[in-house]
Amino acid sequence: DTGVSQDPRHKITKRGQNVTFRCDPISEHNRLYWYRQTLGQGPEFLTYFQNEAQLEKSRLLSDRFSAERPKGSFSTLEIQRTEQGDSAMYLCASSPTAPETQYFGPGTRLLVL
Amino acid sequence: QKEVEQNSGPLSVPEGAIASLNCTYSDRGSQSFFWYRQYSGKSPELIMSIYSNGDKEDGRFTAQLNKASQYVSLLIRDSQPSDSATYLCAALNQAGTALIFGKGTTLSVSS
């Protein structure tokens with residue numbers, strides 16, 4: 001257990017529904033990251049927060065995806081109008097400013113039917 | 001497109017042998033490199049970080065970095081069946097905002 005928690009751990013939804021995932025980072029870490037991993041691939045970067053500011057978003061993050069970190073603590077990732085291609089493991093990681101070592105949470109496995 | 005390349009394997013070694021995992025990266029601006037272990041169905045677990053050219057040892061694990069060749073490796077000595085997993089190599093992008101991962105190498109250690 002790295003100290004990063006994610007909720008829920010599993011989510012099954014129907015195509016077109018909205019889903020929201022939560023990540024609680026290690027408390028003293030000011031940096032938070034979201035990644036997506038599909039079978040047989042390495043994690044792919046989605047977005048990065050430093051404190052409450054979202055400083056970088058991947059081109060993978062379509063306009064159906066939105067992420068927030070309102071008070072610089074926990075973060076949420078929302079997917080609107082889910083598609084079957086959104087089925088993946090969604091990973092959250094956190095790190096201090098230095099060293100920039102990222103620790104991953106257990107992930108949320110999403111299945112879109 | 002910044003990339004990290006790994007041989008997907010599977011790499012099979014007998015128990016007690018040395019397992020050698022390799023990775024190359026394309027972004028010369030990357031300065032920090034990481035090895036993660038991932039068991040099936042689980043999230044990545046940090047094994048090693050390396051920032052300077054040369055070797056870094058931690059228990060049975062040794063990471064090696066050669067920035068001129070843009071090459072990172074991980075040696076696992078005295079391999080155990082519990083080491084059987086997928087090993088992910090990652091480079092931190094130049095901005096320090098995202099890890100770029102390879103697809104991972106699957107290691108199988110037979111007893």
# chains A, B, ... in the order shown; residues from 1 in each chain; ligands from 1
>>> closest_atom_pairs(of="stretch 73-99 of chain A", to="stretch 16-24 of chain A", cutoff="10 Å", atoms="only C-alpha atoms", output="CSV")
residue,atom,partner,partner_atom,distance
A:Ser73,CA,A:Asp24,CA,6.9
A:Phe74,CA,A:Asp24,CA,4.5
A:Ser75,CA,A:Cys23,CA,5.2
A:Thr76,CA,A:Arg22,CA,4.5
A:Leu77,CA,A:Phe21,CA,5.2
A:Glu78,CA,A:Thr20,CA,4.3
A:Ile79,CA,A:Val19,CA,5.4
A:Gln80,CA,A:Asn18,CA,4.4
A:Arg81,CA,A:Gly16,CA,3.9
A:Thr82,CA,A:Gly16,CA,4.7
A:Glu83,CA,A:Gly16,CA,6.4
A:Gln84,CA,A:Gly16,CA,9.2
A:Tyr90,CA,A:Phe21,CA,8.5
A:Leu91,CA,A:Cys23,CA,8.8
A:Cys92,CA,A:Cys23,CA,6.3
A:Ala93,CA,A:Cys23,CA,8.5
A:Ser94,CA,A:Asp24,CA,8.9
>>> closest_atom_pairs(of="chain A", to="chain B", cutoff="12 Å", atoms="only C-alpha atoms", output="Markdown table")
| residue | atom | partner | partner_atom | distance |
| --- | --- | --- | --- | --- |
| A:Asp1 | CA | B:Glu45 | CA | 9.3 |
| A:Thr2 | CA | B:Glu45 | CA | 8.4 |
| A:Gly3 | CA | B:Glu45 | CA | 11.9 |
| A:Val4 | CA | B:Ser43 | CA | 11.1 |
| A:Ser5 | CA | B:Ser43 | CA | 11.4 |
| A:Gln6 | CA | B:Ser43 | CA | 11.2 |
| A:Arg9 | CA | B:Lys42 | CA | 10.8 |
| A:His10 | CA | B:Gly41 | CA | 11.5 |
| A:Arg31 | CA | B:Thr97 | CA | 8.9 |
| A:Leu32 | CA | B:Thr97 | CA | 9.5 |
| A:Tyr33 | CA | B:Ala98 | CA | 7.7 |
| A:Trp34 | CA | B:Ala98 | CA | 9.3 |
| A:Tyr35 | CA | B:Ala98 | CA | 9.2 |
| A:Arg36 | CA | B:Ser43 | CA | 11.0 |
| A:Gln37 | CA | B:Ser43 | CA | 9.5 |
| A:Thr38 | CA | B:Lys103 | CA | 10.2 |
| A:Leu39 | CA | B:Gly41 | CA | 9.6 |
| A:Gly40 | CA | B:Lys103 | CA | 6.7 |
| A:Gln41 | CA | B:Lys103 | CA | 4.7 |
| A:Gly42 | CA | B:Lys103 | CA | 4.3 |
| A:Pro43 | CA | B:Phe101 | CA | 6.2 |
| A:Glu44 | CA | B:Phe101 | CA | 7.1 |
| A:Phe45 | CA | B:Ala98 | CA | 6.3 |
| A:Leu46 | CA | B:Ala98 | CA | 8.6 |
| A:Thr47 | CA | B:Ala98 | CA | 8.0 |
| A:Tyr48 | CA | B:Thr97 | CA | 6.4 |
| A:Phe49 | CA | B:Thr97 | CA | 8.7 |
| A:Gln50 | CA | B:Thr97 | CA | 9.2 |
| A:Gln54 | CA | B:Thr97 | CA | 10.7 |
| A:Leu55 | CA | B:Thr97 | CA | 8.3 |
| A:Glu56 | CA | B:Thr97 | CA | 7.3 |
| A:Lys57 | CA | B:Ala98 | CA | 9.7 |
| A:Ser58 | CA | B:Ala98 | CA | 9.5 |
| A:Arg59 | CA | B:Gln1 | CA | 11.9 |
| A:Ala88 | CA | B:Gly41 | CA | 11.3 |
| A:Met89 | CA | B:Ser43 | CA | 8.8 |
| A:Tyr90 | CA | B:Ser43 | CA | 9.5 |
| A:Leu91 | CA | B:Ser43 | CA | 7.4 |
| A:Cys92 | CA | B:Ser43 | CA | 9.5 |
| A:Ala93 | CA | B:Pro44 | CA | 9.8 |
| A:Ser94 | CA | B:Ala98 | CA | 11.0 |
| A:Ser95 | CA | B:Thr97 | CA | 10.4 |
| A:Pro96 | CA | B:Gly96 | CA | 11.6 |
| A:Thr97 | CA | B:Gly96 | CA | 9.6 |
| A:Ala98 | CA | B:Gly96 | CA | 10.3 |
| A:Pro99 | CA | B:Ser32 | CA | 9.5 |
| A:Glu100 | CA | B:Gly96 | CA | 7.4 |
| A:Thr101 | CA | B:Ser49 | CA | 7.6 |
| A:Gln102 | CA | B:Leu46 | CA | 8.0 |
| A:Tyr103 | CA | B:Leu46 | CA | 6.9 |
| A:Phe104 | CA | B:Pro44 | CA | 6.3 |
| A:Gly105 | CA | B:Ser43 | CA | 6.8 |
| A:Pro106 | CA | B:Ser43 | CA | 5.2 |
| A:Gly107 | CA | B:Ser43 | CA | 6.2 |
| A:Thr108 | CA | B:Ser43 | CA | 9.5 |
| A:Arg109 | CA | B:Gly41 | CA | 9.2 |
>>> write_last_selection(atoms="C-alpha atoms", output="mmCIF file, in the first residue's frame")
data_model
loop_
_atom_site.group_PDB
_atom_site.id
_atom_site.type_symbol
_atom_site.label_atom_id
_atom_site.label_comp_id
_atom_site.auth_asym_id
_atom_site.auth_seq_id
_atom_site.Cartn_x
_atom_site.Cartn_y
_atom_site.Cartn_z
ATOM 1 C CA ASP A 1 0.000 0.000 0.000
ATOM 2 C CA THR A 2 1.624 3.241 -1.197
ATOM 3 C CA GLY A 3 -0.770 5.521 0.650
ATOM 4 C CA VAL A 4 -2.561 6.605 -2.539
ATOM 5 C CA SER A 5 -6.191 5.471 -2.504
ATOM 6 C CA GLN A 6 -8.718 5.316 -5.309
ATOM 7 C CA ARG A 9 -11.887 -0.047 -7.405
ATOM 8 C CA HIS A 10 -14.214 -1.410 -10.069
ATOM 9 C CA ARG A 31 1.625 16.746 -7.331
ATOM 10 C CA LEU A 32 -1.082 14.458 -8.661
ATOM 11 C CA TYR A 33 -1.313 12.592 -11.947
ATOM 12 C CA TRP A 34 -3.907 10.539 -13.810
ATOM 13 C CA TYR A 35 -2.988 7.763 -16.232
ATOM 14 C CA ARG A 36 -4.953 5.237 -18.251
ATOM 15 C CA GLN A 37 -3.778 1.697 -18.935
ATOM 16 C CA THR A 38 -5.227 -0.814 -21.364
ATOM 17 C CA LEU A 39 -4.329 -4.477 -21.619
ATOM 18 C CA GLY A 40 -0.797 -5.099 -22.843
ATOM 19 C CA GLN A 41 0.157 -1.433 -22.770
ATOM 20 C CA GLY A 42 2.037 0.747 -20.340
ATOM 21 C CA PRO A 43 0.171 3.512 -18.531
ATOM 22 C CA GLU A 44 -0.553 6.587 -20.669
ATOM 23 C CA PHE A 45 -0.493 10.052 -19.151
ATOM 24 C CA LEU A 46 -3.789 11.914 -18.982
ATOM 25 C CA THR A 47 -3.333 14.967 -16.779
ATOM 26 C CA TYR A 48 -1.191 16.579 -14.066
ATOM 27 C CA PHE A 49 -2.007 18.832 -11.097
ATOM 28 C CA GLN A 50 0.317 20.864 -8.954
ATOM 29 C CA GLN A 54 -4.244 21.578 -13.639
ATOM 30 C CA LEU A 55 -1.000 22.324 -15.472
ATOM 31 C CA GLU A 56 -0.956 19.753 -18.252
ATOM 32 C CA LYS A 57 -3.446 17.685 -20.197
ATOM 33 C CA SER A 58 -2.709 14.994 -22.754
ATOM 34 C CA ARG A 59 -4.262 15.046 -26.185
ATOM 35 C CA ALA A 88 -9.395 0.595 -19.081
ATOM 36 C CA MET A 89 -7.641 0.822 -15.733
ATOM 37 C CA TYR A 90 -7.520 4.424 -14.526
ATOM 38 C CA LEU A 91 -4.499 5.044 -12.348
ATOM 39 C CA CYS A 92 -3.772 7.923 -10.035
ATOM 40 C CA ALA A 93 -0.281 8.746 -8.808
ATOM 41 C CA SER A 94 1.169 11.376 -6.522
ATOM 42 C CA SER A 95 4.639 12.757 -5.901
ATOM 43 C CA PRO A 96 6.382 15.424 -3.897
ATOM 44 C CA THR A 97 8.040 18.307 -5.710
ATOM 45 C CA ALA A 98 11.394 16.634 -5.250
ATOM 46 C CA PRO A 99 12.252 13.960 -5.887
ATOM 47 C CA GLU A 100 9.611 13.586 -8.573
ATOM 48 C CA THR A 101 9.009 9.946 -7.770
ATOM 49 C CA GLN A 102 5.452 8.924 -8.521
ATOM 50 C CA TYR A 103 3.595 6.428 -6.350
ATOM 51 C CA PHE A 104 0.531 4.786 -7.809
ATOM 52 C CA GLY A 105 -2.785 3.975 -6.243
ATOM 53 C CA PRO A 106 -4.539 0.636 -6.775
ATOM 54 C CA GLY A 107 -6.427 1.913 -9.816
ATOM 55 C CA THR A 108 -10.066 1.946 -10.875
ATOM 56 C CA ARG A 109 -10.980 -0.669 -13.439
#
>>> closest_residue(among="B:Ser110, B:Gln1, B:Ser82, B:Thr24", to="B:Ser69", atoms="only C-alpha atoms")
B:Thr24
>>> atom_distance(atom1="atom CA of B:Gln80", atom2="atom CA of B:Ser111")
7.7 Å
>>> select_by_dssp(residues="stretch 10-113 of chain A", states="strand (DSSP E or B)", output="PyMOL selection string")
chain A and resi 10-13+19-24+31-37+44-50+53-57+65-68+75-79+88-95+103-104+108-112
>>> atom_distance(atom1="atom CA of B:Ser73", atom2="atom CA of B:Cys23")
6.0 Å
